[in-house]
Amino acid sequence: MKRRKKGRPFKARAYGQRQSDGPPVIEVEPEEFAASLRQAEREVLPLIRNMQFGPGMAQLVLALHAQMLLTGDSRVTPESMMAAGNSVIALWQAGYYTPGPDYPFTLEETLRDIQGGPQAKGDYASSFQPFTPLSGTSPLGTGEVHGGIARHPETGLWQVWMMLEGPCTFLAAYRDPKVALRQLETIISSSRKGGSERERQVLHAQMRAQADGEPQQLPYDMMVYLVEHLDDFTIAL
């Protein structure tokens, strides 16, 4: 491992609520980020193997998990994806971090695969629908979340999803997209009314009881597409 280059810290970005002056930035020494990478590598290697990720996907999963361990913030945005990925490559190239012998890809393979950054290979516009309120309460101006419904390519079910200070969460899955949108509207209306945590738990339990199946994680390429178009799914509270 190379000696620390003082005065030139790498930056790990933790994204909070949107602010006029931009998201907060946490600056860390390269050794600290490298330590998070080594821990992240141990934790994500089974996922990389099981999902048969290529070099670029593996590097992105590793980068985002390391950033989450480092900052405690698991939210994903286009900016955080780019920042995390660039930090890992910089550390790897500078010699601060080298994957263990079980990591399946070299730096050269990874660089070839990630040229141009993470970009969705398909157009999934027809598989996503934004929140379209039919009734309910008006926004109170207290904040915003991201949410909508997504059609899973294997199950064919429309899944209600939301991002609120955490990773993308899939709440329930339905055959009819209109039913899924009504369920999402019920959640948004409850949030605007300031429902308690207990009320939210009951609401989520009711949604699952009425669902047509269990929601599943969307394929990686669809998640990349979603992140690229996340602003289209902003919901005011």
# chains A, B, ... in the order shown; residues from 1 in each chain; ligands from 1
>>> select_by_dssp(residues="stretch 87-183 of chain A", states="strand (DSSP E or B)", output="PyMOL selection string")
chain A and resi 128-130+144-151+158-163+169-174
>>> select_by_dssp(residues="stretch 43-235 of chain A", states="helix (DSSP H, G or I)", output="mmCIF file with N, CA and C atoms, in the first residue's frame")
data_model
loop_
_atom_site.group_PDB
_atom_site.id
_atom_site.type_symbol
_atom_site.label_atom_id
_atom_site.label_comp_id
_atom_site.auth_asym_id
_atom_site.auth_seq_id
_atom_site.Cartn_x
_atom_site.Cartn_y
_atom_site.Cartn_z
ATOM 1 N N GLU A 43 -18.484 -8.563 2.033
ATOM 2 C CA GLU A 43 -19.934 -8.679 2.168
ATOM 3 C C GLU A 43 -20.654 -8.824 0.828
ATOM 4 N N VAL A 44 -20.092 -8.279 -0.249
ATOM 5 C CA VAL A 44 -20.802 -8.314 -1.528
ATOM 6 C C VAL A 44 -20.304 -9.403 -2.477
ATOM 7 N N LEU A 45 -19.189 -10.063 -2.158
ATOM 8 C CA LEU A 45 -18.684 -11.104 -3.053
ATOM 9 C C LEU A 45 -19.720 -12.198 -3.337
ATOM 10 N N PRO A 46 -20.460 -12.688 -2.325
ATOM 11 C CA PRO A 46 -21.485 -13.701 -2.646
ATOM 12 C C PRO A 46 -22.527 -13.188 -3.632
ATOM 13 N N LEU A 47 -22.930 -11.923 -3.490
ATOM 14 C CA LEU A 47 -23.915 -11.348 -4.406
ATOM 15 C C LEU A 47 -23.338 -11.249 -5.812
ATOM 16 N N ILE A 48 -22.085 -10.816 -5.932
ATOM 17 C CA ILE A 48 -21.447 -10.697 -7.242
ATOM 18 C C ILE A 48 -21.397 -12.050 -7.935
ATOM 19 N N ARG A 49 -21.068 -13.095 -7.171
ATOM 20 C CA ARG A 49 -21.004 -14.440 -7.755
ATOM 21 C C ARG A 49 -22.393 -14.950 -8.147
ATOM 22 N N ASN A 50 -23.344 -14.823 -7.214
ATOM 23 C CA ASN A 50 -24.675 -15.371 -7.455
ATOM 24 C C ASN A 50 -25.383 -14.684 -8.618
ATOM 25 N N MET A 51 -25.195 -13.368 -8.741
ATOM 26 C CA MET A 51 -25.856 -12.611 -9.802
ATOM 27 C C MET A 51 -25.048 -12.605 -11.098
ATOM 28 N N PRO A 55 -17.644 -6.987 -14.777
ATOM 29 C CA PRO A 55 -16.708 -6.127 -14.043
ATOM 30 C C PRO A 55 -17.305 -4.784 -13.630
ATOM 31 N N GLY A 56 -18.053 -4.152 -14.534
ATOM 32 C CA GLY A 56 -18.620 -2.844 -14.217
ATOM 33 C C GLY A 56 -19.678 -2.913 -13.143
ATOM 34 N N MET A 57 -20.576 -3.875 -13.250
ATOM 35 C CA MET A 57 -21.619 -4.020 -12.246
ATOM 36 C C MET A 57 -21.010 -4.357 -10.887
ATOM 37 N N ALA A 58 -20.020 -5.251 -10.884
ATOM 38 C CA ALA A 58 -19.383 -5.638 -9.630
ATOM 39 C C ALA A 58 -18.732 -4.442 -8.961
ATOM 40 N N GLN A 59 -18.040 -3.620 -9.750
ATOM 41 C CA GLN A 59 -17.377 -2.443 -9.196
ATOM 42 C C GLN A 59 -18.381 -1.458 -8.627
ATOM 43 N N LEU A 60 -19.528 -1.293 -9.286
ATOM 44 C CA LEU A 60 -20.528 -0.349 -8.805
ATOM 45 C C LEU A 60 -21.165 -0.839 -7.509
ATOM 46 N N VAL A 61 -21.499 -2.127 -7.449
ATOM 47 C CA VAL A 61 -22.068 -2.690 -6.220
ATOM 48 C C VAL A 61 -21.085 -2.547 -5.066
ATOM 49 N N LEU A 62 -19.815 -2.844 -5.324
ATOM 50 C CA LEU A 62 -18.770 -2.701 -4.314
ATOM 51 C C LEU A 62 -18.649 -1.252 -3.864
ATOM 52 N N ALA A 63 -18.658 -0.328 -4.815
ATOM 53 C CA ALA A 63 -18.482 1.089 -4.502
ATOM 54 C C ALA A 63 -19.631 1.630 -3.658
ATOM 55 N N LEU A 64 -20.863 1.315 -4.043
ATOM 56 C CA LEU A 64 -22.015 1.834 -3.311
ATOM 57 C C LEU A 64 -22.090 1.246 -1.911
ATOM 58 N N HIS A 65 -21.734 -0.025 -1.771
ATOM 59 C CA HIS A 65 -21.777 -0.641 -0.446
ATOM 60 C C HIS A 65 -20.696 -0.045 0.451
ATOM 61 N N ALA A 66 -19.512 0.193 -0.111
ATOM 62 C CA ALA A 66 -18.444 0.807 0.675
ATOM 63 C C ALA A 66 -18.817 2.214 1.107
ATOM 64 N N GLN A 67 -19.434 2.971 0.214
ATOM 65 C CA GLN A 67 -19.846 4.323 0.563
ATOM 66 C C GLN A 67 -20.901 4.308 1.658
ATOM 67 N N MET A 68 -21.827 3.339 1.592
ATOM 68 C CA MET A 68 -22.849 3.223 2.622
ATOM 69 C C MET A 68 -22.212 2.907 3.972
ATOM 70 N N LEU A 69 -21.239 1.987 3.987
ATOM 71 C CA LEU A 69 -20.554 1.655 5.232
ATOM 72 C C LEU A 69 -19.811 2.876 5.779
ATOM 73 N N LEU A 70 -19.254 3.657 4.894
ATOM 74 C CA LEU A 70 -18.434 4.792 5.291
ATOM 75 C C LEU A 70 -19.270 5.941 5.824
ATOM 76 N N THR A 71 -20.401 6.205 5.192
ATOM 77 C CA THR A 71 -21.193 7.388 5.514
ATOM 78 C C THR A 71 -22.451 7.092 6.316
ATOM 79 N N PRO A 78 -27.821 9.547 -9.126
ATOM 80 C CA PRO A 78 -26.788 9.515 -10.175
ATOM 81 C C PRO A 78 -25.460 10.075 -9.687
ATOM 82 N N GLU A 79 -25.520 11.145 -8.858
ATOM 83 C CA GLU A 79 -24.290 11.747 -8.357
ATOM 84 C C GLU A 79 -23.545 10.805 -7.414
ATOM 85 N N SER A 80 -24.280 10.142 -6.517
ATOM 86 C CA SER A 80 -23.612 9.264 -5.565
ATOM 87 C C SER A 80 -23.038 8.031 -6.253
ATOM 88 N N MET A 81 -23.723 7.536 -7.297
ATOM 89 C CA MET A 81 -23.187 6.416 -8.054
ATOM 90 C C MET A 81 -21.867 6.788 -8.709
ATOM 91 N N MET A 82 -21.832 7.965 -9.333
ATOM 92 C CA MET A 82 -20.620 8.397 -10.009
ATOM 93 C C MET A 82 -19.494 8.654 -9.021
ATOM 94 N N ALA A 83 -19.825 9.329 -7.899
ATOM 95 C CA ALA A 83 -18.800 9.646 -6.905
ATOM 96 C C ALA A 83 -18.201 8.388 -6.310
ATOM 97 N N ALA A 84 -19.053 7.436 -5.963
ATOM 98 C CA ALA A 84 -18.557 6.198 -5.366
ATOM 99 C C ALA A 84 -17.696 5.425 -6.345
ATOM 100 N N GLY A 85 -18.170 5.286 -7.567
ATOM 101 C CA GLY A 85 -17.412 4.546 -8.562
ATOM 102 C C GLY A 85 -16.070 5.184 -8.866
ATOM 103 N N ASN A 86 -16.053 6.507 -9.009
ATOM 104 C CA ASN A 86 -14.797 7.203 -9.296
ATOM 105 C C ASN A 86 -13.806 7.071 -8.145
ATOM 106 N N SER A 87 -14.311 7.111 -6.907
ATOM 107 C CA SER A 87 -13.427 6.990 -5.752
ATOM 108 C C SER A 87 -12.760 5.623 -5.706
ATOM 109 N N VAL A 88 -13.524 4.576 -6.007
ATOM 110 C CA VAL A 88 -12.959 3.228 -5.982
ATOM 111 C C VAL A 88 -11.867 3.086 -7.034
ATOM 112 N N ILE A 89 -12.128 3.570 -8.239
ATOM 113 C CA ILE A 89 -11.131 3.473 -9.300
ATOM 114 C C ILE A 89 -9.878 4.265 -8.932
ATOM 115 N N ALA A 90 -10.052 5.462 -8.362
ATOM 116 C CA ALA A 90 -8.900 6.276 -7.984
ATOM 117 C C ALA A 90 -8.061 5.584 -6.918
ATOM 118 N N LEU A 91 -8.722 4.999 -5.925
ATOM 119 C CA LEU A 91 -7.997 4.282 -4.873
ATOM 120 C C LEU A 91 -7.274 3.058 -5.432
ATOM 121 N N TRP A 92 -7.939 2.349 -6.309
ATOM 122 C CA TRP A 92 -7.373 1.150 -6.922
ATOM 123 C C TRP A 92 -6.152 1.503 -7.766
ATOM 124 N N GLN A 93 -6.298 2.551 -8.584
ATOM 125 C CA GLN A 93 -5.189 2.957 -9.446
ATOM 126 C C GLN A 93 -3.997 3.471 -8.639
ATOM 127 N N ALA A 94 -4.280 4.162 -7.515
ATOM 128 C CA ALA A 94 -3.212 4.733 -6.707
ATOM 129 C C ALA A 94 -2.547 3.715 -5.792
ATOM 130 N N LEU A 107 -8.219 -4.715 -12.478
ATOM 131 C CA LEU A 107 -8.444 -3.288 -12.726
ATOM 132 C C LEU A 107 -8.624 -3.021 -14.214
ATOM 133 N N GLU A 108 -7.841 -3.661 -15.045
ATOM 134 C CA GLU A 108 -7.930 -3.433 -16.486
ATOM 135 C C GLU A 108 -9.292 -3.875 -17.032
ATOM 136 N N GLU A 109 -9.778 -5.035 -16.585
ATOM 137 C CA GLU A 109 -11.099 -5.500 -17.023
ATOM 138 C C GLU A 109 -12.191 -4.533 -16.579
ATOM 139 N N THR A 110 -12.047 -4.030 -15.377
ATOM 140 C CA THR A 110 -13.055 -3.105 -14.845
ATOM 141 C C THR A 110 -13.057 -1.803 -15.614
ATOM 142 N N LEU A 111 -11.885 -1.247 -15.892
ATOM 143 C CA LEU A 111 -11.802 0.018 -16.627
ATOM 144 C C LEU A 111 -12.418 -0.112 -18.013
ATOM 145 N N ARG A 112 -12.164 -1.217 -18.681
ATOM 146 C CA ARG A 112 -12.740 -1.413 -20.017
ATOM 147 C C ARG A 112 -14.259 -1.466 -19.957
ATOM 148 N N ASP A 113 -14.780 -2.063 -18.886
ATOM 149 C CA ASP A 113 -16.226 -2.291 -18.801
ATOM 150 C C ASP A 113 -17.007 -1.055 -18.375
ATOM 151 N N ILE A 114 -16.353 -0.126 -17.679
ATOM 152 C CA ILE A 114 -17.097 1.015 -17.122
ATOM 153 C C ILE A 114 -16.898 2.292 -17.923
ATOM 154 N N ALA A 125 -39.140 2.724 -20.245
ATOM 155 C CA ALA A 125 -40.168 3.723 -19.968
ATOM 156 C C ALA A 125 -41.544 3.083 -19.752
ATOM 157 N N SER A 126 -41.857 2.051 -20.520
ATOM 158 C CA SER A 126 -43.173 1.423 -20.396
ATOM 159 C C SER A 126 -43.307 0.589 -19.136
ATOM 160 N N SER A 127 -42.187 0.334 -18.441
ATOM 161 C CA SER A 127 -42.216 -0.494 -17.232
ATOM 162 C C SER A 127 -42.333 0.320 -15.958
ATOM 163 N N PRO A 177 -52.163 -2.240 -12.716
ATOM 164 C CA PRO A 177 -51.423 -1.023 -12.352
ATOM 165 C C PRO A 177 -52.285 0.035 -11.688
ATOM 166 N N LYS A 178 -53.580 0.054 -12.006
ATOM 167 C CA LYS A 178 -54.470 1.030 -11.367
ATOM 168 C C LYS A 178 -54.590 0.748 -9.874
ATOM 169 N N VAL A 179 -54.637 -0.523 -9.517
ATOM 170 C CA VAL A 179 -54.687 -0.892 -8.100
ATOM 171 C C VAL A 179 -53.387 -0.493 -7.417
ATOM 172 N N ALA A 180 -52.274 -0.738 -8.070
ATOM 173 C CA ALA A 180 -50.980 -0.377 -7.496
ATOM 174 C C ALA A 180 -50.885 1.128 -7.269
ATOM 175 N N LEU A 181 -51.354 1.929 -8.237
ATOM 176 C CA LEU A 181 -51.311 3.381 -8.090
ATOM 177 C C LEU A 181 -52.223 3.857 -6.966
ATOM 178 N N ARG A 182 -53.379 3.205 -6.806
ATOM 179 C CA ARG A 182 -54.275 3.583 -5.704
ATOM 180 C C ARG A 182 -53.622 3.290 -4.354
ATOM 181 N N GLN A 183 -52.912 2.174 -4.275
ATOM 182 C CA GLN A 183 -52.225 1.846 -3.024
ATOM 183 C C GLN A 183 -51.126 2.861 -2.733
ATOM 184 N N LEU A 184 -50.395 3.266 -3.767
ATOM 185 C CA LEU A 184 -49.364 4.280 -3.577
ATOM 186 C C LEU A 184 -49.992 5.598 -3.129
ATOM 187 N N GLU A 185 -51.133 5.933 -3.702
ATOM 188 C CA GLU A 185 -51.806 7.178 -3.316
ATOM 189 C C GLU A 185 -52.242 7.124 -1.849
ATOM 190 N N THR A 186 -52.668 5.964 -1.398
ATOM 191 C CA THR A 186 -53.058 5.832 0.005
ATOM 192 C C THR A 186 -51.874 6.116 0.923
ATOM 193 N N ILE A 187 -50.697 5.610 0.545
ATOM 194 C CA ILE A 187 -49.493 5.856 1.343
ATOM 195 C C ILE A 187 -49.154 7.336 1.361
ATOM 196 N N ILE A 188 -49.195 7.979 0.193
ATOM 197 C CA ILE A 188 -48.842 9.397 0.104
ATOM 198 C C ILE A 188 -49.827 10.243 0.906
ATOM 199 N N SER A 189 -51.119 9.934 0.804
ATOM 200 C CA SER A 189 -52.127 10.685 1.555
ATOM 201 C C SER A 189 -51.904 10.557 3.055
ATOM 202 N N SER A 190 -51.565 9.345 3.502
ATOM 203 C CA SER A 190 -51.293 9.137 4.922
ATOM 204 C C SER A 190 -50.073 9.946 5.371
ATOM 205 N N SER A 191 -49.035 9.985 4.534
ATOM 206 C CA SER A 191 -47.826 10.744 4.874
ATOM 207 C C SER A 191 -48.134 12.235 4.973
ATOM 208 N N ARG A 192 -48.951 12.736 4.066
ATOM 209 C CA ARG A 192 -49.296 14.159 4.089
ATOM 210 C C ARG A 192 -50.139 14.523 5.301
ATOM 211 N N GLU A 197 -46.100 6.104 13.021
ATOM 212 C CA GLU A 197 -45.372 4.930 12.567
ATOM 213 C C GLU A 197 -46.241 3.689 12.667
ATOM 214 N N ARG A 198 -47.038 3.603 13.734
ATOM 215 C CA ARG A 198 -47.941 2.468 13.897
ATOM 216 C C ARG A 198 -48.965 2.423 12.763
ATOM 217 N N GLU A 199 -49.499 3.580 12.385
ATOM 218 C CA GLU A 199 -50.473 3.632 11.295
ATOM 219 C C GLU A 199 -49.837 3.209 9.975
ATOM 220 N N ARG A 200 -48.582 3.595 9.764
ATOM 221 C CA ARG A 200 -47.896 3.198 8.536
ATOM 222 C C ARG A 200 -47.672 1.691 8.502
ATOM 223 N N GLN A 201 -47.327 1.105 9.641
ATOM 224 C CA GLN A 201 -47.119 -0.338 9.687
ATOM 225 C C GLN A 201 -48.412 -1.090 9.361
ATOM 226 N N VAL A 202 -49.524 -0.611 9.915
ATOM 227 C CA VAL A 202 -50.822 -1.238 9.634
ATOM 228 C C VAL A 202 -51.162 -1.108 8.157
ATOM 229 N N LEU A 203 -50.907 0.077 7.585
ATOM 230 C CA LEU A 203 -51.197 0.312 6.175
ATOM 231 C C LEU A 203 -50.377 -0.618 5.289
ATOM 232 N N HIS A 204 -49.104 -0.773 5.587
ATOM 233 C CA HIS A 204 -48.250 -1.648 4.790
ATOM 234 C C HIS A 204 -48.694 -3.105 4.914
ATOM 235 N N ALA A 205 -49.126 -3.498 6.098
ATOM 236 C CA ALA A 205 -49.615 -4.867 6.287
ATOM 237 C C ALA A 205 -50.875 -5.104 5.452
ATOM 238 N N GLN A 206 -51.754 -4.122 5.401
ATOM 239 C CA GLN A 206 -52.970 -4.234 4.591
ATOM 240 C C GLN A 206 -52.630 -4.341 3.111
ATOM 241 N N MET A 207 -51.642 -3.562 2.680
ATOM 242 C CA MET A 207 -51.223 -3.625 1.278
ATOM 243 C C MET A 207 -50.723 -5.013 0.919
ATOM 244 N N ARG A 208 -49.889 -5.585 1.767
ATOM 245 C CA ARG A 208 -49.340 -6.912 1.488
ATOM 246 C C ARG A 208 -50.433 -7.980 1.492
ATOM 247 N N ALA A 209 -51.412 -7.805 2.383
ATOM 248 C CA ALA A 209 -52.503 -8.782 2.459
ATOM 249 C C ALA A 209 -53.355 -8.768 1.195
ATOM 250 N N GLN A 210 -53.463 -7.618 0.549
ATOM 251 C CA GLN A 210 -54.288 -7.472 -0.645
ATOM 252 C C GLN A 210 -53.497 -7.677 -1.932
ATOM 253 N N TYR A 220 -30.693 -5.288 -12.424
ATOM 254 C CA TYR A 220 -29.737 -4.190 -12.292
ATOM 255 C C TYR A 220 -29.960 -3.112 -13.354
ATOM 256 N N ASP A 221 -30.131 -3.511 -14.626
ATOM 257 C CA ASP A 221 -30.243 -2.521 -15.692
ATOM 258 C C ASP A 221 -31.480 -1.651 -15.514
ATOM 259 N N MET A 222 -32.568 -2.222 -15.002
ATOM 260 C CA MET A 222 -33.763 -1.429 -14.737
ATOM 261 C C MET A 222 -33.515 -0.441 -13.595
ATOM 262 N N MET A 223 -32.749 -0.859 -12.596
ATOM 263 C CA MET A 223 -32.441 0.052 -11.496
ATOM 264 C C MET A 223 -31.569 1.210 -11.974
ATOM 265 N N VAL A 224 -30.641 0.927 -12.873
ATOM 266 C CA VAL A 224 -29.829 2.003 -13.438
ATOM 267 C C VAL A 224 -30.725 2.981 -14.190
ATOM 268 N N TYR A 225 -31.662 2.458 -14.984
ATOM 269 C CA TYR A 225 -32.612 3.318 -15.699
ATOM 270 C C TYR A 225 -33.416 4.175 -14.718
ATOM 271 N N LEU A 226 -33.872 3.561 -13.641
ATOM 272 C CA LEU A 226 -34.668 4.293 -12.659
ATOM 273 C C LEU A 226 -33.867 5.433 -12.041
ATOM 274 N N VAL A 227 -32.630 5.161 -11.673
ATOM 275 C CA VAL A 227 -31.796 6.196 -11.076
ATOM 276 C C VAL A 227 -31.550 7.324 -12.066
ATOM 277 N N GLU A 228 -31.356 6.979 -13.347
ATOM 278 C CA GLU A 228 -31.133 7.995 -14.365
ATOM 279 C C GLU A 228 -32.347 8.917 -14.511
ATOM 280 N N LEU A 230 -34.731 9.472 -12.030
ATOM 281 C CA LEU A 230 -35.340 9.572 -10.706
ATOM 282 C C LEU A 230 -36.148 10.855 -10.526
ATOM 283 N N ASP A 231 -35.708 11.938 -11.136
ATOM 284 C CA ASP A 231 -36.429 13.204 -10.986
ATOM 285 C C ASP A 231 -37.850 13.125 -11.548
ATOM 286 N N ASP A 232 -38.102 12.204 -12.450
ATOM 287 C CA ASP A 232 -39.458 12.046 -13.007
ATOM 288 C C ASP A 232 -40.418 11.431 -12.006
ATOM 289 N N PHE A 233 -39.886 10.950 -10.886
ATOM 290 C CA PHE A 233 -40.710 10.255 -9.897
ATOM 291 C C PHE A 233 -40.699 10.962 -8.543
#
>>> atom_distance(atom1="atom CA of A:Leu157", atom2="atom CA of A:Tyr174")
5.2 Å
>>> atom_distance(atom1="atom CA of A:Thr106", atom2="atom CA of A:Ser36")
19.0 Å
>>> atom_distance(atom1="atom CA of A:Val160", atom2="atom CA of A:Ala173")
6.4 Å
>>> residues_around(residues="A:Glu144", least_positions_apart="4", cutoff="7 Å", atoms="only C-alpha atoms", output="VMD selection string")
chain A and resid 234 to 237
>>> write_last_selection(atoms="C-alpha atoms", output="PDB file, in the first residue's frame")
ATOM      1  CA  THR A 234     -40.493  13.074  -7.340  1.00  0.00           C
ATOM      2  CA  ILE A 235     -43.531  13.345  -5.064  1.00  0.00           C
ATOM      3  CA  ALA A 236     -44.152  16.443  -2.946  1.00  0.00           C
ATOM      4  CA  LEU A 237     -45.380  15.879   0.609  1.00  0.00           C
TER       5      LEU A 237
END
>>> decode(residues="stretch 129-194 of chain A", atoms="C-alpha atoms", output="PDB file, in the first residue's frame")
ATOM      1  CA  GLN A 129     -45.327   4.790 -14.024  1.00  0.00           C
ATOM      2  CA  PRO A 130     -45.078   7.905 -11.842  1.00  0.00           C
ATOM      3  CA  PHE A 131     -47.458   8.854  -9.051  1.00  0.00           C
ATOM      4  CA  THR A 132     -50.693  10.163 -10.595  1.00  0.00           C
ATOM      5  CA  PRO A 133     -53.087  11.263  -7.818  1.00  0.00           C
ATOM      6  CA  LEU A 134     -56.795  10.800  -8.378  1.00  0.00           C
ATOM      7  CA  SER A 135     -57.890  12.400  -5.126  1.00  0.00           C
ATOM      8  CA  GLY A 136     -56.549  12.745  -1.602  1.00  0.00           C
ATOM      9  CA  THR A 137     -54.757  15.501   0.230  1.00  0.00           C
ATOM     10  CA  SER A 138     -52.687  18.288  -1.301  1.00  0.00           C
ATOM     11  CA  PRO A 139     -48.945  18.641  -0.669  1.00  0.00           C
ATOM     12  CA  LEU A 140     -48.117  20.429   2.592  1.00  0.00           C
ATOM     13  CA  GLY A 141     -44.678  21.565   1.481  1.00  0.00           C
ATOM     14  CA  THR A 142     -42.890  19.520   4.156  1.00  0.00           C
ATOM     15  CA  GLY A 143     -40.547  17.651   1.826  1.00  0.00           C
ATOM     16  CA  GLU A 144     -40.467  15.158  -0.995  1.00  0.00           C
ATOM     17  CA  VAL A 145     -39.887  11.483  -1.731  1.00  0.00           C
ATOM     18  CA  HIS A 146     -39.411   9.416  -4.852  1.00  0.00           C
ATOM     19  CA  GLY A 147     -41.970   6.778  -5.707  1.00  0.00           C
ATOM     20  CA  GLY A 148     -44.058   5.120  -8.356  1.00  0.00           C
ATOM     21  CA  ILE A 149     -44.883   1.689  -9.694  1.00  0.00           C
ATOM     22  CA  ALA A 150     -42.697  -0.664 -11.749  1.00  0.00           C
ATOM     23  CA  ARG A 151     -43.588  -3.777 -13.729  1.00  0.00           C
ATOM     24  CA  HIS A 152     -41.245  -6.648 -12.926  1.00  0.00           C
ATOM     25  CA  PRO A 153     -40.137  -8.377 -16.148  1.00  0.00           C
ATOM     26  CA  GLU A 154     -40.366 -11.900 -14.681  1.00  0.00           C
ATOM     27  CA  THR A 155     -43.502 -11.798 -12.534  1.00  0.00           C
ATOM     28  CA  GLY A 156     -45.389  -9.283 -14.680  1.00  0.00           C
ATOM     29  CA  LEU A 157     -46.684  -7.671 -11.480  1.00  0.00           C
ATOM     30  CA  TRP A 158     -46.733  -3.922 -10.852  1.00  0.00           C
ATOM     31  CA  GLN A 159     -44.701  -3.180  -7.752  1.00  0.00           C
ATOM     32  CA  VAL A 160     -45.188  -0.133  -5.543  1.00  0.00           C
ATOM     33  CA  TRP A 161     -41.756   1.358  -4.792  1.00  0.00           C
ATOM     34  CA  MET A 162     -40.479   4.291  -2.774  1.00  0.00           C
ATOM     35  CA  MET A 163     -37.161   5.877  -1.821  1.00  0.00           C
ATOM     36  CA  LEU A 164     -37.193   7.745   1.479  1.00  0.00           C
ATOM     37  CA  GLU A 165     -33.832   8.211   3.206  1.00  0.00           C
ATOM     38  CA  GLY A 166     -32.763   4.735   2.221  1.00  0.00           C
ATOM     39  CA  PRO A 167     -32.514   2.306  -0.680  1.00  0.00           C
ATOM     40  CA  CYS A 168     -35.358   1.626  -3.064  1.00  0.00           C
ATOM     41  CA  THR A 169     -38.063  -0.267  -1.160  1.00  0.00           C
ATOM     42  CA  PHE A 170     -40.674  -2.439  -2.900  1.00  0.00           C
ATOM     43  CA  LEU A 171     -43.835  -2.501  -0.808  1.00  0.00           C
ATOM     44  CA  ALA A 172     -46.324  -4.752  -2.625  1.00  0.00           C
ATOM     45  CA  ALA A 173     -47.081  -6.187  -6.076  1.00  0.00           C
ATOM     46  CA  TYR A 174     -50.337  -6.218  -8.052  1.00  0.00           C
ATOM     47  CA  ARG A 175     -51.598  -7.445 -11.419  1.00  0.00           C
ATOM     48  CA  ASP A 176     -53.510  -4.223 -12.151  1.00  0.00           C
ATOM     49  CA  PRO A 177     -51.423  -1.023 -12.352  1.00  0.00           C
ATOM     50  CA  LYS A 178     -54.470   1.030 -11.367  1.00  0.00           C
ATOM     51  CA  VAL A 179     -54.687  -0.892  -8.100  1.00  0.00           C
ATOM     52  CA  ALA A 180     -50.980  -0.377  -7.496  1.00  0.00           C
ATOM     53  CA  LEU A 181     -51.311   3.381  -8.090  1.00  0.00           C
ATOM     54  CA  ARG A 182     -54.275   3.583  -5.704  1.00  0.00           C
ATOM     55  CA  GLN A 183     -52.225   1.846  -3.024  1.00  0.00           C
ATOM     56  CA  LEU A 184     -49.364   4.280  -3.577  1.00  0.00           C
ATOM     57  CA  GLU A 185     -51.806   7.178  -3.316  1.00  0.00           C
ATOM     58  CA  THR A 186     -53.058   5.832   0.005  1.00  0.00           C
ATOM     59  CA  ILE A 187     -49.493   5.856   1.343  1.00  0.00           C
ATOM     60  CA  ILE A 188     -48.842   9.397   0.104  1.00  0.00           C
ATOM     61  CA  SER A 189     -52.127  10.685   1.555  1.00  0.00           C
ATOM     62  CA  SER A 190     -51.293   9.137   4.922  1.00  0.00           C
ATOM     63  CA  SER A 191     -47.826  10.744   4.874  1.00  0.00           C
ATOM     64  CA  ARG A 192     -49.296  14.159   4.089  1.00  0.00           C
ATOM     65  CA  LYS A 193     -51.666  13.804   7.025  1.00  0.00           C
ATOM     66  CA  GLY A 194     -48.786  13.011   9.343  1.00  0.00           C
TER      67      GLY A 194
END
